[in-house]
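**Q** For reference, this is start34.cif, and it has mmCIF, C-alpha atoms.
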```cif
data_start
#
loop_
_atom_site.label_atom_id
_atom_site.label_comp_id
_atom_site.auth_asym_id
_atom_site.auth_seq_id
_atom_site.Cartn_x
_atom_site.Cartn_y
_atom_site.Cartn_z
CA MET A 1 -78.26 -126.32 -45.82
CA ARG A 2 -76.15 -124.96 -48.61
CA GLY A 3 -79.28 -124.44 -50.67
CA ARG A 4 -80.63 -121.96 -48.11
CA ALA A 5 -77.40 -120.05 -47.71
CA VAL A 6 -77.61 -118.54 -51.17
CA PRO A 7 -81.09 -116.97 -50.77
CA ILE A 8 -80.20 -115.65 -47.29
CA ALA A 9 -77.04 -114.10 -48.68
CA LEU A 10 -79.05 -112.53 -51.46
CA VAL A 11 -81.54 -111.03 -48.96
CA LEU A 12 -78.72 -109.63 -46.83
CA GLY A 13 -77.11 -108.29 -49.96
CA ALA A 14 -80.37 -106.57 -50.85
CA VAL A 15 -80.52 -104.93 -47.40
CA LEU A 16 -76.96 -103.76 -47.83
CA ALA A 17 -77.63 -102.48 -51.33
CA GLY A 18 -80.67 -100.56 -50.06
CA ALA A 19 -78.63 -99.03 -47.24
CA LEU A 20 -75.89 -97.98 -49.63
CA LEU A 21 -78.46 -96.49 -51.96
CA GLY A 22 -79.98 -94.55 -49.07
CA ARG A 23 -76.60 -93.28 -47.97
CA ALA A 24 -75.77 -92.20 -51.48
CA ALA A 25 -79.08 -90.33 -51.68
CA THR A 26 -78.49 -88.43 -48.43
CA ALA A 27 -74.84 -87.74 -49.23
CA ALA A 28 -76.05 -85.33 -51.86
CA ASN A 29 -77.70 -83.12 -49.21
CA THR A 30 -75.85 -79.81 -49.23
CA VAL A 31 -76.01 -77.14 -46.54
CA PRO A 32 -76.94 -73.78 -48.07
CA ALA A 33 -74.51 -70.89 -47.75
CA GLY A 34 -74.87 -69.30 -44.31
CA ARG A 35 -74.21 -65.78 -43.09
CA VAL A 36 -71.59 -64.79 -40.60
CA GLY A 37 -70.94 -61.24 -39.62
CA GLN A 38 -67.39 -59.96 -39.38
CA GLY A 39 -65.79 -56.62 -39.92
CA SER A 40 -64.43 -53.47 -38.42
CA SER A 41 -67.83 -52.18 -37.47
CA ALA A 42 -71.08 -53.59 -36.19
CA THR A 43 -72.57 -56.21 -38.49
CA ALA A 44 -76.14 -56.67 -39.53
CA GLN A 45 -77.11 -59.24 -36.90
CA TYR A 46 -76.13 -57.40 -33.71
CA ALA A 47 -75.23 -53.76 -33.25
CA ILE A 48 -72.96 -52.66 -30.42
CA SER A 49 -72.87 -49.13 -29.09
CA GLY A 50 -71.89 -47.12 -26.02
CA VAL A 51 -68.65 -48.99 -25.36
CA SER A 52 -67.00 -47.94 -22.08
CA TYR A 53 -64.05 -49.25 -20.11
CA THR A 54 -63.44 -49.21 -16.38
CA LEU A 55 -59.96 -49.32 -14.89
CA ASP A 56 -59.33 -51.47 -11.83
CA VAL A 57 -59.94 -49.17 -8.85
CA ASN A 58 -57.20 -50.75 -6.75
CA ASN A 59 -54.75 -51.38 -9.56
CA PRO A 60 -55.58 -48.92 -12.36
CA ARG A 61 -52.89 -50.16 -14.69
CA ASN A 62 -55.31 -53.03 -15.41
CA VAL A 63 -58.69 -52.87 -17.15
CA ALA A 64 -61.44 -54.24 -14.88
CA GLN A 65 -64.42 -54.18 -17.18
CA VAL A 66 -65.80 -53.34 -20.58
CA ALA A 67 -69.48 -52.48 -20.95
CA PHE A 68 -71.68 -51.78 -23.97
CA THR A 69 -75.20 -51.98 -25.31
CA ILE A 70 -76.18 -54.69 -27.75
CA SER A 71 -79.14 -54.69 -30.08
CA PRO A 72 -81.21 -56.80 -30.56
CA ASN A 73 -80.84 -57.63 -26.89
CA ASN A 74 -81.31 -61.38 -27.18
CA PRO A 75 -77.89 -62.99 -27.70
CA ARG A 76 -77.42 -66.09 -25.58
CA VAL A 77 -73.63 -66.03 -25.47
CA ILE A 78 -71.42 -62.92 -25.59
CA LYS A 79 -67.65 -62.98 -25.29
CA ALA A 80 -65.11 -60.20 -25.53
CA ARG A 81 -61.37 -59.76 -25.64
CA LEU A 82 -59.26 -56.62 -25.43
CA PHE A 83 -56.41 -57.44 -27.76
CA ASN A 84 -55.81 -59.88 -30.58
CA ALA A 85 -54.81 -63.32 -29.31
CA GLY A 86 -55.84 -62.24 -25.82
CA SER A 87 -58.10 -64.14 -23.45
CA TRP A 88 -61.84 -64.28 -24.10
CA TYR A 89 -64.02 -63.03 -21.27
CA THR A 90 -67.60 -64.13 -20.74
CA CYS A 91 -70.09 -61.27 -20.60
CA SER A 92 -73.41 -60.93 -18.82
CA ASN A 93 -76.39 -59.49 -20.65
CA SER A 94 -79.23 -57.72 -18.89
CA ALA A 95 -81.81 -56.66 -21.48
CA GLY A 96 -79.09 -55.49 -23.84
CA ALA A 97 -76.86 -53.88 -21.19
CA VAL A 98 -73.71 -55.99 -21.40
CA THR A 99 -70.83 -56.09 -18.93
CA CYS A 100 -67.68 -58.17 -19.29
CA ALA A 101 -65.36 -58.48 -16.29
CA THR A 102 -61.80 -58.60 -17.55
CA THR A 103 -60.05 -59.42 -14.29
CA ALA A 104 -59.24 -63.10 -14.73
CA PRO A 105 -56.72 -63.07 -16.21
CA ALA A 106 -55.90 -59.41 -15.71
CA VAL A 107 -55.28 -57.36 -18.82
CA ALA A 108 -52.96 -54.36 -18.74
CA ALA A 109 -54.28 -51.05 -20.03
CA THR A 110 -51.19 -50.77 -22.21
CA SER A 111 -52.10 -54.08 -23.89
CA ALA A 112 -55.76 -53.26 -24.50
CA ASN A 113 -55.72 -52.01 -28.07
CA ASN A 114 -58.45 -53.85 -29.92
CA LEU A 115 -61.90 -54.82 -28.68
CA THR A 116 -63.45 -57.89 -30.25
CA VAL A 117 -66.95 -58.98 -29.29
CA VAL A 118 -68.59 -62.18 -30.47
CA ALA A 119 -72.30 -62.67 -29.91
CA THR A 120 -74.45 -65.65 -30.78
CA GLN A 121 -78.06 -66.55 -30.28
CA MET B 1 -95.43 -131.56 -63.85
CA ARG B 2 -97.42 -128.41 -64.59
CA ARG B 3 -98.33 -127.94 -60.93
CA ARG B 4 -94.70 -128.33 -59.92
CA ARG B 5 -93.65 -125.66 -62.39
CA HIS B 6 -96.37 -123.34 -61.04
CA THR B 7 -95.14 -123.83 -57.48
CA GLN B 8 -91.56 -123.13 -58.59
CA ARG B 9 -92.66 -119.89 -60.27
CA ARG B 10 -94.53 -118.77 -57.13
CA ARG B 11 -91.45 -119.41 -55.01
CA THR B 12 -89.27 -117.41 -57.37
CA LEU B 13 -91.76 -114.54 -57.33
CA LEU B 14 -91.92 -114.63 -53.54
CA PHE B 15 -88.12 -114.59 -53.35
CA VAL B 16 -87.83 -111.61 -55.68
CA LEU B 17 -90.46 -109.81 -53.60
CA THR B 18 -88.46 -110.57 -50.48
CA LEU B 19 -85.35 -109.09 -52.09
CA VAL B 20 -87.23 -105.91 -53.00
CA VAL B 21 -88.65 -105.58 -49.48
CA ALA B 22 -85.19 -106.18 -47.97
CA GLY B 23 -83.62 -103.52 -50.20
CA GLY B 24 -86.39 -101.08 -49.36
CA PHE B 25 -85.92 -101.78 -45.66
CA GLY B 26 -82.24 -100.93 -45.92
CA PHE B 27 -82.97 -97.72 -47.84
CA VAL B 28 -85.67 -96.52 -45.44
CA THR B 29 -83.53 -97.31 -42.39
CA THR B 30 -80.68 -95.20 -43.75
CA GLN B 31 -83.05 -92.34 -44.56
CA ALA B 32 -84.44 -92.46 -41.03
CA PHE B 33 -80.96 -92.19 -39.52
CA THR B 34 -79.89 -89.26 -41.64
CA ALA B 35 -83.23 -87.46 -41.34
CA ALA B 36 -82.43 -86.70 -37.69
CA ASN B 37 -79.36 -84.66 -38.63
CA THR B 38 -80.67 -81.10 -38.43
CA VAL B 39 -78.65 -77.93 -38.03
CA PRO B 40 -80.42 -75.33 -35.86
CA ALA B 41 -80.77 -71.74 -37.07
CA THR B 42 -78.02 -69.55 -35.62
CA THR B 43 -77.20 -65.87 -35.52
CA ILE B 44 -73.60 -64.95 -34.87
CA SER B 45 -71.89 -61.59 -35.04
CA GLN B 46 -68.41 -60.30 -34.54
CA PHE B 47 -67.60 -56.70 -33.69
CA THR B 48 -64.14 -55.16 -33.71
CA GLN B 49 -63.10 -51.70 -32.55
CA ALA B 50 -59.70 -50.17 -31.87
CA ILE B 51 -59.16 -49.13 -28.25
CA THR B 52 -57.55 -45.73 -27.87
CA PRO B 53 -56.02 -44.27 -24.68
CA ALA B 54 -58.92 -41.78 -24.51
CA MET B 55 -61.37 -44.70 -24.29
CA LEU B 56 -59.60 -46.00 -21.19
CA GLU B 57 -59.45 -42.58 -19.58
CA PRO B 58 -61.56 -42.07 -16.44
CA SER B 59 -64.61 -39.88 -17.06
CA GLU B 60 -63.40 -37.32 -14.50
CA CYS B 61 -60.32 -36.60 -16.59
CA VAL B 62 -62.38 -36.46 -19.78
CA SER B 63 -64.78 -33.93 -18.31
CA GLY B 64 -61.76 -32.07 -16.92
CA GLY B 65 -60.60 -31.33 -20.45
CA ILE B 66 -57.94 -34.01 -21.00
CA THR B 67 -58.02 -36.25 -24.06
CA ALA B 68 -55.35 -38.86 -23.51
CA THR B 69 -53.25 -39.81 -26.50
CA SER B 70 -50.79 -42.15 -24.75
CA ILE B 71 -50.46 -44.27 -21.63
CA VAL B 72 -47.71 -44.81 -19.09
CA ALA B 73 -48.42 -47.57 -16.59
CA GLY B 74 -46.49 -49.40 -13.93
CA SER B 75 -45.57 -49.38 -10.26
CA GLY B 76 -43.15 -47.47 -8.06
CA THR B 77 -41.89 -44.28 -9.69
CA LEU B 78 -43.91 -43.21 -12.71
CA LYS B 79 -43.15 -40.11 -14.78
CA ALA B 80 -45.22 -38.59 -17.55
CA THR B 81 -43.39 -38.53 -20.86
CA ALA B 82 -45.76 -36.34 -22.89
CA ALA B 83 -48.67 -33.97 -22.62
CA SER B 84 -52.22 -35.39 -22.74
CA GLN B 85 -51.07 -38.59 -21.12
CA LEU B 86 -52.75 -41.15 -18.90
CA VAL B 87 -50.39 -42.22 -16.08
CA LEU B 88 -51.65 -45.33 -14.32
CA GLY B 89 -50.31 -46.54 -10.99
CA SER B 90 -50.57 -49.84 -9.15
CA SER B 91 -52.07 -51.21 -5.95
CA GLY B 92 -48.82 -50.43 -4.14
CA VAL B 93 -47.32 -47.11 -3.11
CA ASP B 94 -46.51 -45.14 -6.24
CA THR B 95 -44.77 -41.84 -6.85
CA ILE B 96 -46.36 -40.25 -9.90
CA SER B 97 -45.10 -37.02 -11.43
CA ASP B 98 -45.27 -34.75 -14.45
CA ALA B 99 -42.15 -32.62 -14.79
CA SER B 100 -43.39 -30.12 -17.36
CA PHE B 101 -45.85 -31.44 -19.93
CA GLY B 102 -49.29 -30.59 -18.55
CA LEU B 103 -52.75 -32.02 -19.21
CA VAL B 104 -51.73 -35.30 -17.60
CA CYS B 105 -54.30 -37.55 -15.95
CA MET B 106 -52.61 -39.30 -13.02
CA VAL B 107 -54.46 -42.26 -11.56
CA GLY B 108 -53.12 -43.82 -8.38
CA GLY B 109 -54.22 -47.17 -7.02
CA ALA B 110 -55.07 -48.33 -3.54
CA GLY B 111 -51.73 -47.30 -2.04
CA ALA B 112 -50.71 -44.11 -0.25
CA ASP B 113 -49.37 -42.54 -3.44
CA SER B 114 -47.65 -39.22 -4.14
CA PHE B 115 -48.68 -36.90 -6.99
CA THR B 116 -46.60 -34.02 -8.32
CA GLY B 117 -47.58 -31.76 -11.20
CA PRO B 118 -45.38 -29.46 -13.30
CA VAL B 119 -43.84 -26.14 -12.38
CA PRO B 120 -45.34 -23.67 -12.71
CA SER B 121 -48.71 -25.04 -11.67
CA GLY B 122 -51.86 -24.49 -13.67
CA LYS B 123 -50.99 -26.75 -16.58
CA GLY B 124 -54.18 -28.71 -16.19
CA ASP B 125 -52.93 -31.89 -14.52
CA LEU B 126 -55.68 -33.92 -12.88
CA CYS B 127 -55.32 -36.60 -10.21
CA ILE B 128 -57.44 -39.50 -9.01
CA VAL B 129 -56.17 -40.38 -5.56
CA SER B 130 -56.99 -43.05 -3.00
CA ALA B 131 -58.34 -42.45 0.47
CA ALA B 132 -54.94 -43.50 1.77
CA THR B 133 -53.19 -40.63 0.01
CA LEU B 134 -52.22 -37.79 2.32
CA GLY B 135 -53.07 -34.25 1.24
CA THR B 136 -49.45 -33.24 1.67
CA LYS B 137 -48.47 -35.77 -1.00
CA ILE B 138 -50.49 -34.01 -3.68
CA LYS B 139 -48.73 -31.08 -5.36
CA ARG B 140 -49.76 -28.94 -8.35
CA CYS B 141 -52.47 -31.36 -9.34
CA THR B 142 -56.24 -30.98 -9.13
CA VAL B 143 -57.92 -33.93 -7.41
CA VAL B 144 -60.99 -34.88 -9.45
CA ALA B 145 -61.91 -38.13 -7.69
CA THR B 146 -60.99 -40.21 -4.66
CA ARG B 147 -61.09 -43.99 -5.00
CA PRO B 148 -60.83 -46.50 -3.60
#
```
Turn this file's structure into structure tokens for me.
**A**
Amino acid sequence: MRGRAVPIALVLGAVLAGALLGRAATAANTVPAGRVGQGSSATAQYAISGVSYTLDVNNPRNVAQVAFTISPNNPRVIKARLFNAGSWYTCSNSAGAVTCATTAPAVAATSANNLTVVATQ
Amino acid sequence: MRRRRHTQRRRTLLFVLTLVVAGGFGFVTTQAFTAANTVPATTISQFTQAITPAMLEPSECVSGGITATSIVAGSGTLKATAASQLVLGSSGVDTISDASFGLVCMVGGAGADSFTGPVPSGKGDLCIVSAATLGTKIKRCTVVATRP
């Protein structure tokens, strides 16, 4: 019984050694440097133009919507906010014509001072 | 004696082979697990632009010759504090006025608001009034749109 335990332990040890070797080999896999666009103007991936704002018709001290055109027109997710640290609003995209309702939560026109749009494929 | 030694050697060889196969099995299994970890290609962009009062200005006031440089917003009594200003009311009843500056874009909300431009008239004040606003409540201000 004891005579068999040693070879079995050696086999298990070999499996473990192989697994560790495999892990060490894959641990060396590095992800190449990616690109992310950020700046004070449109970046290379998506260009935004024709930005317009609509005040709330009933309560014009609040901004109801921001709209713009995005190119290429294929982003899957677009979000916008109207001031730094403000709430992010989900936008709808119809062939590059983007509208973002900014009613929930409401944002005051006096607070809206910086538009940030994030788009991803 | 010789046959026994031969058998012993074969067993040892078989055992070593088993160790190699076991090690290889462990290696391949690990590779298979990690091979599934793929990161999909992604495009992400961020766009930032300063929002000026003129960008928030209704198109009727823009085409009427006003380029807003500041905003006053609130409810109740609202008074313009400078020329080329955007004065924004609320959904309630607001009293909006411009004492003397001119080129003020007054935007009322859904309430029955009052609008009063400067004296003398003709200083280019424009008003966006609601349907609930009575004509008698609009003084020295050109109505450029009615909504809601």
**Q** Using all atoms listed in the file, find the residues of chain B whose closest atom to chain A is at most 6 Å away, then write them as a list in words.
**A**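 So the residues of chain B near chain A are Leu19, Ala22, Gly23, Gly24, Gly26, Phe27, Thr30, Gln31, Thr43, Ile44, Ser45, Gln46, Phe47, Thr48, Gln49, Ala50, Ile51, Leu56, Ala73, Leu88, Gly89, Ser90, Ser91, Gly109, Ala110 and Pro148 of chain B.
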**Q** Tell me, in Å to one decimal, how far CA of Ala101 in chain A is from CA of Met55 in chain B.
**A**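 Here the two named atoms are 16.4 Å from each other.
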**Q** Quick check, in Å to one decimal: how far apart do CA of Cys105 in chain B and CA of Ser63 in chain B lie?
**A**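 So the two atoms, CA of Cys105 in chain B and CA of Ser63 in chain B, lie 11.3 Å apart.
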**Q** Show me as an MDAnalysis selection string the residues that reach within 7 Å of (-79.6, -56.5, -25.4), counting all atoms listed in the file and using the file's own coordinates.
**A** chainID A and resid 69:74 93:97
**Q** Could you give me, as a PyMOL selection string, the residues within 9 Å of Ala99 in chain B, counting only C-alpha atoms and dropping anything in the same chain fewer than 6 positions from it?
**A** chain B and resi 79-81+116-119
**Q** Please indicate the distance in Å from CA of Leu86 in chain B to CA of Thr90 in chain A, rounded to one decimal place.
**A**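 Here the two named atoms are 27.4 Å from each other.
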**Q** Quick one: of B:Arg147, B:Asp98, B:Val104, B:Val20, who's nearest to Leu126 in chain B, counting all atoms listed in the file?
**A**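 Selected residue with least distance to Leu126 in chain B: B:Val104.
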**Q** Which protein, DNA or RNA residues are at most 12 Å from (-57.9, -33.2, -15.5) in the file's coordinates when you count all atoms listed in the file, listed as a compact mmCIF listing (two decimals) with C-alpha atoms, in the coordinates of the input?
**A**
```txt
# COMPACT_ATOMS: atom_id res chain seq x y z
CA GLU B 57 -59.45 -42.58 -19.58
CA PRO B 58 -61.56 -42.07 -16.44
CA SER B 59 -64.61 -39.88 -17.06
CA GLU B 60 -63.40 -37.32 -14.50
CA CYS B 61 -60.32 -36.60 -16.59
CA VAL B 62 -62.38 -36.46 -19.78
CA SER B 63 -64.78 -33.93 -18.31
CA GLY B 64 -61.76 -32.07 -16.92
CA GLY B 65 -60.60 -31.33 -20.45
CA ILE B 66 -57.94 -34.01 -21.00
CA THR B 67 -58.02 -36.25 -24.06
CA ALA B 68 -55.35 -38.86 -23.51
CA ALA B 83 -48.67 -33.97 -22.62
CA SER B 84 -52.22 -35.39 -22.74
CA GLN B 85 -51.07 -38.59 -21.12
CA LEU B 86 -52.75 -41.15 -18.90
CA VAL B 87 -50.39 -42.22 -16.08
CA GLY B 102 -49.29 -30.59 -18.55
CA LEU B 103 -52.75 -32.02 -19.21
CA VAL B 104 -51.73 -35.30 -17.60
CA CYS B 105 -54.30 -37.55 -15.95
CA MET B 106 -52.61 -39.30 -13.02
CA VAL B 107 -54.46 -42.26 -11.56
CA GLY B 117 -47.58 -31.76 -11.20
CA GLY B 122 -51.86 -24.49 -13.67
CA LYS B 123 -50.99 -26.75 -16.58
CA GLY B 124 -54.18 -28.71 -16.19
CA ASP B 125 -52.93 -31.89 -14.52
CA LEU B 126 -55.68 -33.92 -12.88
CA CYS B 127 -55.32 -36.60 -10.21
CA ILE B 128 -57.44 -39.50 -9.01
CA ARG B 140 -49.76 -28.94 -8.35
CA CYS B 141 -52.47 -31.36 -9.34
CA THR B 142 -56.24 -30.98 -9.13
CA VAL B 143 -57.92 -33.93 -7.41
CA VAL B 144 -60.99 -34.88 -9.45
CA ALA B 145 -61.91 -38.13 -7.69
```
**Q** Write out as a list of chain:residue names the residues lying within 7 Å of Leu78 in chain B, counting all atoms listed in the file and excluding same-chain residues fewer than 3 positions away.
**A** B:Gly74, B:Ser75, B:Thr95, B:Ile96, B:Ser97
**Q** Kindly compute an axis-aligned box around the listed atoms of range 17-20 of chain B, allowing 5 Å on each side, and express its centre and edge lengths in Å to one decimal as lines of an AutoDock Vina configuration file.
**A**
```
center_x = -87.9
center_y = -108.2
center_z = -52.0
size_x = 15.1
size_y = 14.7
size_z = 13.1
```
